[in-house]
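S.K.: Sending over final.cif (mmCIF, C-alpha atoms).
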```cif
data_coords
loop_
_atom_site.label_atom_id
_atom_site.label_comp_id
_atom_site.auth_asym_id
_atom_site.auth_seq_id
_atom_site.Cartn_x
_atom_site.Cartn_y
_atom_site.Cartn_z
CA LEU A 1 -6.49 39.32 -3.08
CA ALA A 2 -4.75 39.11 -6.44
CA TYR A 3 -5.86 40.08 -9.95
CA PHE A 4 -5.13 37.59 -12.73
CA ARG A 5 -6.60 37.27 -16.24
CA GLY A 6 -9.47 39.60 -15.53
CA MET A 7 -10.46 38.00 -12.22
CA PHE A 8 -9.81 38.57 -8.55
CA GLY A 9 -8.84 35.62 -6.37
CA ARG A 10 -7.18 34.86 -3.08
CA MET A 11 -3.47 34.36 -3.48
CA GLN A 12 -2.07 31.38 -1.58
CA VAL A 13 1.46 31.60 -0.18
CA ALA A 14 3.37 28.33 -0.44
CA PRO A 15 4.56 26.91 2.88
CA GLU A 16 8.24 26.60 3.72
CA ALA A 17 9.52 23.20 2.63
CA ALA A 18 10.87 22.35 6.09
CA ASP A 19 7.59 23.32 7.76
CA LEU A 20 5.58 21.31 5.24
CA ALA A 21 7.78 18.25 5.77
CA ARG A 22 7.23 18.40 9.53
CA VAL A 23 3.46 18.81 9.26
CA ARG A 24 3.26 16.08 6.62
CA GLU A 25 5.14 13.71 8.93
CA TRP A 26 2.82 14.68 11.79
CA ALA A 27 -0.21 13.90 9.63
CA ARG A 28 1.28 10.55 8.58
CA THR A 29 1.97 9.42 12.12
CA THR A 30 -0.96 10.86 14.08
CA GLY A 31 -3.93 8.69 14.88
CA SER A 32 -5.54 6.01 12.77
CA ASP A 33 -9.15 7.16 12.49
CA THR A 34 -10.25 8.46 9.12
CA GLY A 35 -12.29 11.60 9.66
CA GLN A 36 -10.47 12.46 12.89
CA ALA A 37 -10.38 16.25 13.25
CA ILE A 38 -6.97 17.87 13.45
CA ASP A 39 -6.51 20.01 16.55
CA VAL A 40 -4.63 22.98 15.11
CA ASP A 41 -3.69 24.30 18.55
CA VAL A 42 -2.04 20.99 19.42
CA LEU A 43 -0.21 21.02 16.10
CA ILE A 44 1.06 24.56 16.72
CA ARG A 45 2.23 23.64 20.20
CA GLU A 46 3.88 20.34 19.30
CA LEU A 47 5.73 21.60 16.23
CA GLY A 48 6.46 25.12 17.45
CA LEU A 49 5.09 26.75 14.30
CA ASP A 50 2.97 29.87 14.12
CA ALA A 51 -0.69 29.72 13.13
CA ASN A 52 -0.13 31.13 9.64
CA ALA A 53 2.60 28.59 8.86
CA VAL A 54 0.39 25.74 10.04
CA ASP A 55 -2.53 27.00 7.96
CA ARG A 56 -0.37 27.15 4.81
CA CYS A 57 0.88 23.61 5.45
CA LEU A 58 -2.60 22.21 6.04
CA ARG A 59 -3.86 23.80 2.82
CA ALA A 60 -0.96 22.20 0.95
CA LEU A 61 -1.62 18.77 2.50
CA ALA A 62 -5.29 19.06 1.59
CA GLY A 63 -4.14 19.57 -1.99
CA GLU A 64 -2.07 16.38 -1.73
CA GLY A 65 -5.03 14.40 -0.39
CA MET A 66 -3.39 13.67 2.97
CA ILE A 67 -6.14 15.58 4.78
CA ALA A 68 -9.47 17.11 3.81
CA ARG A 69 -11.38 20.27 4.62
CA SER A 70 -14.61 19.73 6.56
CA GLY A 71 -16.25 23.08 7.14
CA PRO A 72 -13.81 25.19 9.13
CA ALA A 73 -11.77 22.16 10.23
CA TYR A 74 -9.29 19.78 8.65
CA VAL A 75 -9.70 16.02 9.06
CA LEU A 76 -7.45 13.03 8.45
CA GLU A 77 -7.98 11.17 5.21
CA PRO A 78 -6.75 7.68 4.28
CA ILE A 79 -3.14 8.05 3.19
CA PRO A 80 -3.09 8.19 -0.64
CA ASP A 81 -1.65 5.15 -2.36
CA PRO A 82 1.11 7.13 -4.14
CA ILE A 83 2.50 8.26 -0.79
CA ILE A 84 2.45 4.69 0.55
CA PHE A 85 4.14 3.36 -2.59
CA GLU A 86 6.77 6.12 -2.53
CA SER A 87 7.60 5.44 1.12
CA TYR A 88 8.14 1.73 0.52
CA ALA A 89 10.14 2.41 -2.63
CA ALA A 90 12.48 4.61 -0.57
CA LYS A 91 12.69 1.90 2.10
CA LEU A 92 13.66 -0.62 -0.58
CA VAL A 93 16.49 1.58 -1.86
CA ILE A 94 17.92 1.78 1.66
CA GLU A 95 17.53 -1.94 2.32
CA LEU A 96 19.07 -2.97 -0.99
CA GLY A 97 22.11 -0.84 -0.19
CA VAL A 98 22.34 -2.40 3.25
CA ALA A 99 21.97 -5.90 1.78
CA GLN A 100 24.83 -5.43 -0.65
CA ARG A 101 27.05 -4.02 2.07
CA THR A 102 26.31 -6.56 4.80
CA ILE A 103 25.40 -9.91 3.23
CA HIS A 104 28.97 -11.20 3.49
CA THR A 105 30.08 -9.33 6.63
CA THR A 106 27.23 -9.91 9.09
CA THR A 107 28.25 -12.13 12.00
CA ASP A 108 26.45 -15.30 13.04
CA GLU A 109 25.39 -13.54 16.24
CA GLN A 110 23.84 -10.67 14.28
CA ILE A 111 21.97 -13.07 12.02
CA ALA A 112 20.70 -14.93 15.08
CA GLU A 113 19.35 -11.66 16.46
CA LEU A 114 17.74 -10.90 13.10
CA ARG A 115 16.02 -14.29 13.22
CA ARG A 116 14.83 -13.68 16.78
CA LEU A 117 13.29 -10.35 15.75
CA MET A 118 11.69 -11.98 12.70
CA GLU A 119 10.15 -14.72 14.82
CA THR A 120 8.66 -12.09 17.11
CA THR A 121 6.67 -10.74 14.15
CA LEU A 122 5.33 -14.26 13.55
CA ASP A 123 4.24 -14.64 17.17
CA LEU A 124 1.87 -11.68 16.82
CA VAL A 125 -0.15 -13.26 14.01
CA ASP A 126 -2.78 -15.98 14.26
CA GLY A 127 -3.82 -17.28 10.86
CA ASN A 128 -4.61 -14.21 8.80
CA SER A 129 -5.19 -11.91 11.78
CA PHE A 130 -2.99 -9.74 13.97
CA THR A 131 -3.30 -10.66 17.64
CA ASP A 132 -1.85 -7.27 18.62
CA VAL A 133 -1.64 -4.67 15.86
CA ASP A 134 0.43 -2.15 17.80
CA GLY A 135 2.72 -4.91 19.03
CA TRP A 136 3.17 -6.21 15.49
CA ILE A 137 3.98 -2.71 14.16
CA GLU A 138 6.66 -2.34 16.84
CA ALA A 139 8.06 -5.82 16.17
CA ASN A 140 8.05 -5.27 12.41
CA GLU A 141 9.89 -1.98 12.83
CA ALA A 142 12.44 -3.58 15.16
CA PHE A 143 13.13 -6.27 12.57
CA HIS A 144 13.61 -3.92 9.62
CA GLU A 145 15.48 -1.31 11.66
CA TYR A 146 17.93 -3.91 12.93
CA MET A 147 18.76 -4.86 9.36
CA VAL A 148 19.51 -1.20 8.55
CA ARG A 149 21.63 -0.98 11.69
CA LEU A 150 23.81 -3.80 10.33
CA ALA A 151 25.34 -1.26 7.92
CA GLY A 152 26.79 0.67 10.87
CA SER A 153 25.84 4.06 9.42
CA ALA A 154 24.16 6.59 11.71
CA ILE A 155 23.29 8.79 8.72
CA LEU A 156 21.64 5.91 6.87
CA LEU A 157 19.70 4.92 9.98
CA ASP A 158 18.51 8.51 10.45
CA THR A 159 17.37 8.59 6.81
CA TYR A 160 15.44 5.38 7.39
CA HIS A 161 13.79 6.79 10.52
CA ARG A 162 12.69 9.87 8.59
CA LEU A 163 10.47 7.68 6.40
CA GLY A 164 8.14 7.39 9.39
CA LEU A 165 7.10 3.85 8.54
CA PRO A 166 5.70 2.92 11.99
CA GLY A 167 3.38 5.92 11.78
CA LEU A 168 2.42 4.99 8.25
CA ASN A 169 1.52 1.50 9.45
CA ARG A 170 -0.52 2.91 12.33
CA ARG A 171 -2.55 4.92 9.82
CA THR A 172 -3.11 1.98 7.48
CA LEU A 173 -3.47 -1.07 9.77
CA SER A 174 -6.23 -1.94 12.21
CA ALA A 175 -7.40 -5.00 14.14
CA SER A 176 -9.51 -6.00 11.12
CA SER A 177 -6.63 -5.76 8.63
CA LEU A 178 -5.49 -8.92 6.87
CA ALA A 179 -2.17 -10.26 8.13
CA ASP A 180 -0.93 -11.25 4.70
CA PRO A 181 0.97 -14.55 4.98
CA ALA A 182 3.20 -13.39 2.13
CA LEU A 183 4.58 -10.58 4.30
CA LEU A 184 5.58 -13.04 7.00
CA GLU A 185 7.05 -15.43 4.45
CA ASP A 186 9.13 -12.53 3.10
CA HIS A 187 10.56 -12.01 6.58
CA LYS A 188 11.58 -15.66 6.69
CA ARG A 189 13.14 -15.42 3.24
CA ILE A 190 15.18 -12.37 4.27
CA VAL A 191 16.67 -14.17 7.26
CA ASP A 192 17.20 -17.40 5.31
CA ALA A 193 19.10 -15.44 2.65
CA TYR A 194 21.36 -13.88 5.29
CA GLU A 195 22.05 -17.29 6.79
CA ALA A 196 22.93 -18.67 3.35
CA ARG A 197 24.94 -15.55 2.43
CA ASP A 198 22.86 -15.50 -0.75
CA ALA A 199 22.81 -11.93 -2.07
CA GLU A 200 20.51 -12.68 -5.00
CA ALA A 201 17.93 -14.38 -2.78
CA LEU A 202 18.07 -11.47 -0.34
CA ILE A 203 17.51 -8.92 -3.09
CA ARG A 204 14.54 -10.90 -4.42
CA ALA A 205 13.00 -11.19 -0.95
CA LEU A 206 13.40 -7.48 -0.21
CA THR A 207 12.03 -6.48 -3.62
CA ASP A 208 9.01 -8.75 -3.28
CA HIS A 209 8.41 -7.46 0.24
CA ALA A 210 8.48 -3.80 -0.83
CA ASP A 211 6.01 -4.54 -3.63
CA ARG A 212 3.34 -6.04 -1.33
CA PRO A 213 1.49 -2.71 -0.74
CA ARG A 214 0.73 -2.56 -4.49
CA GLN A 215 -0.87 -6.02 -4.50
#
```
Show how you would write the structure in this file as structure tokens.

M.R.:
Amino acid sequence: LAYFRGMFGRMQVAPEAADLARVREWARTTGSDTGQAIDVDVLIRELGLDANAVDRCLRALAGEGMIARSGPAYVLEPIPDPIIFESYAAKLVIELGVAQRTIHTTTDEQIAELRRLMETTLDLVDGNSFTDVDGWIEANEAFHEYMVRLAGSAILLDTYHRLGLPGLNRRTLSASSLADPALLEDHKRIVDAYEARDAEALIRALTDHADRPRQ
């Protein structure tokens, strides 16, 4: 307990930043069911943190809106829009850097592979519906990751991986989600811009694509 301004209250100890980042990533990438209870014992075992550290992190994430308290347990909440927007803004920064570095140096073979990966994302959509949500998430990640790989930077690729975008998609997409045609058209525009070596068109396509979650 702590005494402050004439009142007693329980003093909360802030979690370590590294611990909080790991638990936040776990919460972003675990499951897809809103209201799903978090198994604290599993979390302790998987992340190798002690119970007190996990408790501090869960309290902090509840404050962020990533999870909620339900009686003695914590449950998954829909990922807050600001976190989604921030993740895609960071992705855009990486992709714009890659675009500027690779638009004139990517080989025809690499662009052909990029087109093949793009077309795989199209094959998993029928009209406005995903035919296989998990398959589409994997195909979408393969497409975007390959573009980042074109820069030839292991550090940049690791930074991209740390965004945890496949897990974010698993938390936000389901079989009933709309397969927005604009997202697929963006993929086509990205590849078309690479084939034309058109930096301005590539930047526009990537920027439009990153802005879709806000629409």

S.K.: Would you mind listing what lies within 10 Å of Ile111 (chain A) as number ranges by chain, with only C-alpha atoms counted and same-chain residues fewer than 2 positions away left out?

M.R.: A: 103, 106-109, 113-117, 147, 150, 191-192, 194-195

S.K.: In file coordinates, which residues lie within 12 Å of (13.9, 0.9, -1.2) using only C-alpha atoms, given as a ChimeraX atom specification?

M.R.: /A:85-99,144,148,159-160,163,203,206-211

S.K.: Using only C-alpha atoms, which residue out of A:Ala112, A:Asp186, A:Arg28, A:Arg212 lies closest to Pro78 (chain A)?

M.R.: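 For Pro78 (chain A), the nearest of the given residues is A:Arg28.
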
S.K.: Under the rule that all atoms listed in the file are counted, which of A:His161, A:Arg214, A:Arg204, A:Asp126 is the nearest residue to Ala179 (chain A)?

M.R.: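 The closest residue to Ala179 (chain A) is A:Asp126.
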
S.K.: Can you give me, as number ranges by chain, the residues this file yields under the PyMOL selection byres ((chain A and resi 138) around 12)?

M.R.: A: 117-118, 120-121, 124, 132-137, 139-145, 165-167, 169-170

S.K.: Can you tell me how far CA of Phe130 (chain A) sits from CA of Thr29 (chain A), in Å to one decimal?

M.R.: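 Between these atoms lies a distance of 19.9 Å.
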
S.K.: Check the smallest atom-to-atom distance from each of A:Ala60, A:Ala151, A:Leu20, A:Leu178 to Thr105 (chain A) using only C-alpha atoms, then report the winner.

M.R.: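 Smallest distance to Thr105 (chain A) is found for A:Ala151.
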
S.K.: Run the PyMOL selection byres ((chain A and resi 181) around 10) against the file shown and list the residues it catches, as an NGL selection string.

M.R.: :A and (122 or 125 or 127-129 or 178-180 or 182-186)

S.K.: Between A:Val75, A:Gln100, A:Ala154, A:Ala68, which one has atoms that come closest to Ala201 (chain A), using only C-alpha atoms?

M.R.: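 Nearest to Ala201 (chain A): A:Gln100.
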
S.K.: Work out how far apart CA of Asp198 (chain A) and CA of Arg101 (chain A) are and give it in Å to one decimal.

M.R.: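 Going from CA of Asp198 (chain A) over to CA of Arg101 (chain A), I get 12.5 Å.
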
S.K.: Output the residue selection produced by the PyMOL selection byres ((chain A and resi 56-58) around 9) on the file above, formatted as an mmCIF file with C-alpha atoms, in the coordinates of the input.

M.R.:
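Done, and the output landed in out-v6.cif:
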```
data_model
loop_
_atom_site.group_PDB
_atom_site.id
_atom_site.type_symbol
_atom_site.label_atom_id
_atom_site.label_comp_id
_atom_site.auth_asym_id
_atom_site.auth_seq_id
_atom_site.Cartn_x
_atom_site.Cartn_y
_atom_site.Cartn_z
ATOM 1 C CA GLN A 12 -2.070 31.380 -1.580
ATOM 2 C CA VAL A 13 1.460 31.600 -0.180
ATOM 3 C CA ALA A 14 3.370 28.330 -0.440
ATOM 4 C CA PRO A 15 4.560 26.910 2.880
ATOM 5 C CA GLU A 16 8.240 26.600 3.720
ATOM 6 C CA ASP A 19 7.590 23.320 7.760
ATOM 7 C CA LEU A 20 5.580 21.310 5.240
ATOM 8 C CA ALA A 21 7.780 18.250 5.770
ATOM 9 C CA VAL A 23 3.460 18.810 9.260
ATOM 10 C CA ARG A 24 3.260 16.080 6.620
ATOM 11 C CA ALA A 51 -0.690 29.720 13.130
ATOM 12 C CA ASN A 52 -0.130 31.130 9.640
ATOM 13 C CA ALA A 53 2.600 28.590 8.860
ATOM 14 C CA VAL A 54 0.390 25.740 10.040
ATOM 15 C CA ASP A 55 -2.530 27.000 7.960
ATOM 16 C CA ARG A 59 -3.860 23.800 2.820
ATOM 17 C CA ALA A 60 -0.960 22.200 0.950
ATOM 18 C CA LEU A 61 -1.620 18.770 2.500
ATOM 19 C CA ALA A 62 -5.290 19.060 1.590
ATOM 20 C CA GLY A 63 -4.140 19.570 -1.990
ATOM 21 C CA ILE A 67 -6.140 15.580 4.780
ATOM 22 C CA ALA A 68 -9.470 17.110 3.810
ATOM 23 C CA TYR A 74 -9.290 19.780 8.650
#
```

S.K.: Please supply region 127-138 of chain A, rebuilt with N, CA, C and O atoms, as a CSV table (one decimal), in the frame of the given file.

M.R.:
```csv
chain,number,residue,atom,x,y,z
A,127,GLY,N,-3.2,-17.1,12.2
A,127,GLY,CA,-3.8,-17.3,10.9
A,127,GLY,C,-3.6,-16.1,10.0
A,127,GLY,O,-2.5,-15.7,9.7
A,128,ASN,N,-4.7,-15.4,9.6
A,128,ASN,CA,-4.6,-14.2,8.8
A,128,ASN,C,-4.9,-13.0,9.6
A,128,ASN,O,-5.2,-11.9,9.0
A,129,SER,N,-4.8,-13.0,10.9
A,129,SER,CA,-5.2,-11.9,11.8
A,129,SER,C,-4.0,-11.5,12.7
A,129,SER,O,-3.3,-12.4,13.1
A,130,PHE,N,-4.0,-10.2,13.0
A,130,PHE,CA,-3.0,-9.7,14.0
A,130,PHE,C,-3.6,-10.0,15.4
A,130,PHE,O,-4.7,-9.6,15.6
A,131,THR,N,-2.8,-10.5,16.3
A,131,THR,CA,-3.3,-10.7,17.6
A,131,THR,C,-3.1,-9.4,18.4
A,131,THR,O,-3.8,-9.1,19.4
A,132,ASP,N,-2.2,-8.6,18.0
A,132,ASP,CA,-1.8,-7.3,18.6
A,132,ASP,C,-1.3,-6.4,17.5
A,132,ASP,O,-0.1,-6.5,17.2
A,133,VAL,N,-2.1,-5.5,17.0
A,133,VAL,CA,-1.6,-4.7,15.9
A,133,VAL,C,-0.5,-3.8,16.3
A,133,VAL,O,0.5,-3.7,15.6
A,134,ASP,N,-0.6,-3.1,17.4
A,134,ASP,CA,0.4,-2.2,17.8
A,134,ASP,C,1.7,-2.9,18.1
A,134,ASP,O,2.8,-2.5,17.8
A,135,GLY,N,1.6,-4.1,18.7
A,135,GLY,CA,2.7,-4.9,19.0
A,135,GLY,C,3.4,-5.4,17.8
A,135,GLY,O,4.6,-5.4,17.7
A,136,TRP,N,2.6,-5.7,16.7
A,136,TRP,CA,3.2,-6.2,15.5
A,136,TRP,C,3.9,-5.1,14.8
A,136,TRP,O,5.0,-5.3,14.2
A,137,ILE,N,3.3,-3.9,14.8
A,137,ILE,CA,4.0,-2.7,14.2
A,137,ILE,C,5.3,-2.5,14.8
A,137,ILE,O,6.3,-2.2,14.1
A,138,GLU,N,5.4,-2.5,16.1
A,138,GLU,CA,6.7,-2.3,16.8
A,138,GLU,C,7.7,-3.4,16.5
A,138,GLU,O,8.8,-3.2,16.3
```
